[in-house]
Every structure is written in structure tokens, then in C-alpha cells.
Amino acid sequence: MSTNLFLKQNSIATQLINFVFSIYCVIAVAITVGQIVIEYKHTQQAIEDELKTNQQIFEPVLSAGVWNLDKEQITNTLNGMLAIPIVIGVKIEQKGQFFTGMGIIKSNSGEVLKFNENAKPIAVVGADSTNIFSYEFPINYIFRGKSREVGSATIYSNSSVIIQRVQFGVILIIINAIIKTIALWCLFVWAGNRLLIKPLLKLVHAIDKVDFDELGELEINLDNKRENELTIIESSFSEMLKNLADTRIEIIKSHLLLEEKVKERTKDLLESKNEAEQANKAKSDFLSRISHELNTPLNAIVGGSQVLQCNMTQGDSDNSILLKHINTAGLHLSMLVKDIMDFVYSNKDEFEVNWEECNLNDIIISSIVMVQPFTQAQNITIDYEQKEHNVYADSGRIRQILVNLLNNAIKYNKKNGFIEVYTSVNSEGAVQMHIKDSGIGIDSSDQELIFEPFLRLDYAKTNCIDGIGIGLSLVKTLVDRMQATVSVYSKINIGSTFTITFKQKKEIQH
């Protein structure tokens, strides 16, 4: 089916014509049926009036026959009455009792009867008494100048007589309605096709041909000679095409201008990127150099303090305490320098992960041993229920992550608090490591910020907690490099729980 044919069959104009014509057909059928009913009722009334005229014709003859009880005369009269086309039966009664009859009649009980050859009425099986109507008149005989009622006569007719009478008229009514309907349909189709369908098809075809790159070549002509809605549509469509063509030119100009601005912006961004990379490289080199320069004297301080502690005598208790403080401060400063070095190298492209099967239980035990000395100041206990779990990752980086999280759990804990380390397997079969503390907790508004580098929360600043704010940032970087995930659940004054979820070996992408 072609597009034009589809549009023509499904257009609004076609639907409108079909709708209007459908309504017209319903109205025409209703009017035709009404005319037939009116014609039927009118003919029935005419037949009833004709039945009444038989009284004047046959009453004198019937009255003489009934008065004289002349059966032959009555029979001849009844035959004469039945010869009239509209009469199907006649019934004669005397004093309310059946006297004689002929043809088809209706008894007083409503039963349809028909007289046989012996002039005896018999019931007609299946006959519909509602189709029979009648006219009854008294039979009066004039004797010695006085009128006396000697009986009554009932003349019967039925609907078949009416149908025979109106049949031709009804056929003419139906033929007339059909001819009018066909003529009106042809007029609808012709007028609709000329005034609506063809112009709308041209409009749809023009809309379908609209091409933003060839607007100047498109024209529309609906061949509409009168001022109406289609004229307005044609004018508006032409104006729209002109506006689109003008807009296209403006868009092309804007596009060319935008391309120039994009080139300039791209150039600026590249320069800014290079400057940022150089600044970041300079920062990394500076931190690396500073860390390297700090490590040399720190190693000497830590090593010297440890040697002096080993050579101290019992009488030098004050010096022993001082050396212990020097050694603790040196170890802490050395750890900070190591974190800086790790942070610098973790942000470089040459950072590598040494993938291997790691025994998580051994890593946790060794990490707890490393941070155990820092728990004594606040009398913090670390609980760990050993479980055997293997993960595919970098054991050194896992230990580094765990030590950082344990250090934070110690620094931000309460006196006589606790730290609980435990492992589990989630519903997807991934191994998880949890570090739970009884510390101060983290506000919900700060939980998204704690992994930012060099960021320190207000509590750490107010309470002079040492650190430079790269511990959790380093944790997040190392976790991402091992394709794991880190999450935190925390409530103020209750504590925090950090969870590391490791991917299974089959999910690791190298």
C-alpha cells in the first residue's frame, strides 16, 4: 500500500466523512422506519374506516335475513361481504350468543377460528390473534315503524391486508432512501476529496519532504481558491519554512563561531592541563625529595635512640624516659614520611600491584602487632577472631591499608575503648575485612569528604590529633588500585566501621 493511499484512507477528512455519513445513515434508517410505521398505521385506519362503510351496505339485507331466520339469505350476504378484499371473516351474534359466521373470526375468548366446509368453526393452530382487528355494528330491523335490534355483526380484517395495501408504497420509500443515501455518499466523497483530502495530502507530502538542509527548494500549493483554514495553514507553513531557512543560516554561523571558540578553549585547556601536570609533578618531586631528605636524619634519630636505650643503665631512668619519647616521636614521624612517599607514588602511572594469593589472617595479625605499641597511651584493646580467608591482591598494600585504618581507629578512639577486626563473606561470595572502633564517629555530612587528600576534620584540629590528612586518601587510592571497594558506617559518639570488599580472582581485570 502506498503512502498516499494509506494517508487517504486514514486521514481526518476520510474519518470525518465516514463519521458524518454513518450518522446520516442512522438518521435515514430511523426516518424510513418511521415513515413505514406511519404509512402502516394510516392504512390500518383507512381499512377500519372502510369496514365501517359495510354497515350501511349490508345491514338492511342482514337484518331481514336474521329477522326471518333465512339461513340462505344470510349465507349469500356473508359471501358478498367476504368478496370485499379487506374482509377475511364475518361473525353474526344474537343476544350475545354465536349465531353464524364465515371466513376467519376471533372468538370472545380471543381464539382464532376458521369455518370449515360444514360451516363449523375450528381453531386455527399457531394463529396470532394480535394481527386481527375488527369492526362490530348492531343489526336493526324496522318492524311496524319501530327499529328493533335483532343481533350484531362483526367484520374482521388482519395485518396481511394492510401489508398488501402498503407494500408498493413501502418499496418506493425504501428505494427513495437508498437512492438518496447513495447520492449523498457520492457527494460526500467528491466534496471531501476536493475540499479536504487532496489539500491535506499535499500538506502532508510537503511536511514529509521538509529537509533542514534544503529548505529553500521546498514550496507548497494547496490549490485552495477560497479563504479558509487551509489558506491560513498554507500561509503559516510557508512562513515557517522561511523562518527555518533563516534559522538554519544563523545556526551555521553560530556553529562556525562555536567551533572557533571550542578550538580556543581546547587550546587553553591543554595549556592548563600541561601547567597542572607540571605543577603536580613539581609537587610530587618536592614531596619525594623532602621525604627522602627527612628519612636520612630520622633513621639516624630512631637508630641512635634505640642504641642508647640498649646501653642505658638502671640509674639513668630519666634519660631512659626521654629516649623512649624521642624514639616514639621518631617512629611516628618516620611513618608520616612513609605515608607521604606512598601517596606520591600511588598517584603516578608507574604504580604497580603485585597480584598474588594472600592469606588475610597472617596480614591482619602482623598489622595488629605493628600498631600495638600505640594503643597503650589510651589503654585501647584490639580484638580479632582468626579466620582463614585468601584473597587475590597485593599483601603489602593490604597491610598498608589495614595499618592506616588501625592508626585512625586508635587516634580517634576513646580512652579504654576497643577495636574489633573481623572478616566475612558476603552473599556474592566476596571476602570482606571490617575494622570497627568505639571512637567519636564521623558525621554523615563528613563521610563523603574523609577520603580527600590533606583534609582534616574539625575534631582533629580542635583536639590536636597529629597527622597530615593523607591516611584515608591513601587507603582509597590503594583500594581502587586493587579493584576493591571501601565503605564506612558511622554514628556520632558510638563509633565507625570501615569495610574493605575484595573482588574474586575471576573478576579481576589486569
# chains A, B, ... in the order shown; residues from 1 in each chain; ligands from 1
>>> select_by_dssp(residues="range 32-101 of chain A", states="strand (DSSP E or B)", output="PyMOL selection string")
chain A and resi 89-94+97-101
>>> closest_residue(among="A:Thr499, A:Asn407, A:Thr14, A:Ser152", to="Arg194 in chain A", atoms="only C-alpha atoms")
A:Thr14
>>> residues_around(residues="Ile36 in chain A", least_positions_apart="6", cutoff="10 Å", atoms="only C-alpha atoms", output="PyMOL selection string")
chain A and resi 30+42+166-167+169-171+173-174
>>> closest_residue(among="A:Thr100, A:Thr497, A:Ser63, A:Asn193", to="Phe143 in chain A", atoms="only C-alpha atoms")
A:Ser63
>>> residues_around(residues="range 128-136 of chain A", least_positions_apart="4", cutoff="10 Å", atoms="only C-alpha atoms", output="PyMOL selection string")
chain A and resi 44+47-52+54-55+87-92+104-107+110-113+124+152-161
>>> atom_distance(atom1="CA of Ala282 in chain A", atom2="CA of Met482 in chain A")
26.7 Å
>>> decode(residues="range 132-166 of chain A", atoms="N, CA and C atoms", output="CSV table (one decimal), in the first residue's frame")
chain,number,residue,atom,x,y,z
A,132,ILE,N,-55.2,-9.6,14.0
A,132,ILE,CA,-56.5,-9.5,13.6
A,132,ILE,C,-57.2,-8.3,14.3
A,133,PHE,N,-57.8,-7.4,13.5
A,133,PHE,CA,-58.6,-6.3,14.1
A,133,PHE,C,-60.0,-6.4,13.4
A,134,SER,N,-61.0,-5.7,14.1
A,134,SER,CA,-62.4,-5.9,13.6
A,134,SER,C,-63.2,-4.7,13.8
A,135,TYR,N,-64.5,-4.7,13.3
A,135,TYR,CA,-65.4,-3.6,13.5
A,135,TYR,C,-66.8,-4.3,13.7
A,136,GLU,N,-67.4,-3.9,14.8
A,136,GLU,CA,-68.7,-4.5,15.2
A,136,GLU,C,-69.8,-3.5,15.1
A,137,PHE,N,-71.0,-3.9,14.5
A,137,PHE,CA,-72.1,-3.0,14.5
A,137,PHE,C,-73.4,-3.8,14.7
A,138,PRO,N,-74.4,-3.1,15.3
A,138,PRO,CA,-75.7,-3.7,15.6
A,138,PRO,C,-76.5,-4.0,14.3
A,139,ILE,N,-77.3,-5.0,14.4
A,139,ILE,CA,-78.2,-5.3,13.2
A,139,ILE,C,-79.6,-4.9,13.7
A,140,ASN,N,-80.2,-3.9,13.1
A,140,ASN,CA,-81.5,-3.4,13.4
A,140,ASN,C,-82.5,-3.7,12.3
A,141,TYR,N,-83.7,-4.1,12.7
A,141,TYR,CA,-84.8,-4.4,11.7
A,141,TYR,C,-86.0,-3.5,12.1
A,142,ILE,N,-86.5,-2.9,11.1
A,142,ILE,CA,-87.7,-2.0,11.3
A,142,ILE,C,-89.0,-2.8,11.1
A,143,PHE,N,-89.7,-2.9,12.2
A,143,PHE,CA,-91.0,-3.6,12.1
A,143,PHE,C,-92.0,-2.7,12.7
A,144,ARG,N,-93.1,-2.5,11.8
A,144,ARG,CA,-94.2,-1.6,12.2
A,144,ARG,C,-93.7,-0.2,12.6
A,145,GLY,N,-92.7,0.2,11.9
A,145,GLY,CA,-92.3,1.6,12.1
A,145,GLY,C,-91.3,1.7,13.2
A,146,LYS,N,-91.0,0.6,13.9
A,146,LYS,CA,-90.0,0.7,15.0
A,146,LYS,C,-88.8,-0.1,14.7
A,147,SER,N,-87.6,0.4,15.1
A,147,SER,CA,-86.4,-0.2,14.9
A,147,SER,C,-86.1,-1.2,16.1
A,148,ARG,N,-85.8,-2.4,15.7
A,148,ARG,CA,-85.5,-3.4,16.8
A,148,ARG,C,-84.2,-4.1,16.5
A,149,GLU,N,-83.4,-4.2,17.5
A,149,GLU,CA,-82.1,-4.9,17.4
A,149,GLU,C,-82.2,-6.4,17.4
A,150,VAL,N,-81.9,-7.0,16.3
A,150,VAL,CA,-82.1,-8.5,16.2
A,150,VAL,C,-80.7,-9.2,16.3
A,151,GLY,N,-79.7,-8.5,16.4
A,151,GLY,CA,-78.3,-9.1,16.6
A,151,GLY,C,-77.2,-8.1,16.3
A,152,SER,N,-76.0,-8.7,16.2
A,152,SER,CA,-74.8,-7.8,15.9
A,152,SER,C,-73.9,-8.6,14.9
A,153,ALA,N,-73.2,-7.8,14.1
A,153,ALA,CA,-72.3,-8.3,13.1
A,153,ALA,C,-70.9,-7.8,13.4
A,154,THR,N,-69.9,-8.7,13.3
A,154,THR,CA,-68.5,-8.3,13.4
A,154,THR,C,-67.7,-8.6,12.2
A,155,ILE,N,-67.1,-7.6,11.6
A,155,ILE,CA,-66.3,-7.8,10.4
A,155,ILE,C,-64.8,-7.8,10.7
A,156,TYR,N,-64.1,-8.8,10.2
A,156,TYR,CA,-62.7,-9.0,10.6
A,156,TYR,C,-61.8,-8.7,9.4
A,157,SER,N,-60.6,-8.1,9.8
A,157,SER,CA,-59.5,-8.0,8.8
A,157,SER,C,-58.2,-8.2,9.5
A,158,ASN,N,-57.1,-8.3,8.8
A,158,ASN,CA,-55.8,-8.5,9.5
A,158,ASN,C,-54.7,-7.7,8.9
A,159,SER,N,-53.5,-7.9,9.5
A,159,SER,CA,-52.3,-7.1,9.0
A,159,SER,C,-51.9,-7.4,7.6
A,160,SER,N,-52.1,-8.7,7.2
A,160,SER,CA,-51.7,-9.0,5.8
A,160,SER,C,-52.4,-8.2,4.8
A,161,VAL,N,-53.6,-7.8,5.1
A,161,VAL,CA,-54.4,-6.9,4.2
A,161,VAL,C,-53.7,-5.5,4.2
A,162,ILE,N,-53.3,-5.1,5.3
A,162,ILE,CA,-52.6,-3.8,5.4
A,162,ILE,C,-51.3,-3.8,4.6
A,163,ILE,N,-50.5,-4.9,4.8
A,163,ILE,CA,-49.2,-5.1,4.1
A,163,ILE,C,-49.4,-5.1,2.6
A,164,GLN,N,-50.5,-5.8,2.1
A,164,GLN,CA,-50.7,-5.8,0.7
A,164,GLN,C,-51.0,-4.4,0.2
A,165,ARG,N,-51.7,-3.6,1.0
A,165,ARG,CA,-52.1,-2.3,0.6
A,165,ARG,C,-50.9,-1.3,0.6
A,166,VAL,N,-50.0,-1.5,1.6
A,166,VAL,CA,-48.9,-0.5,1.7
A,166,VAL,C,-47.6,-1.0,1.1
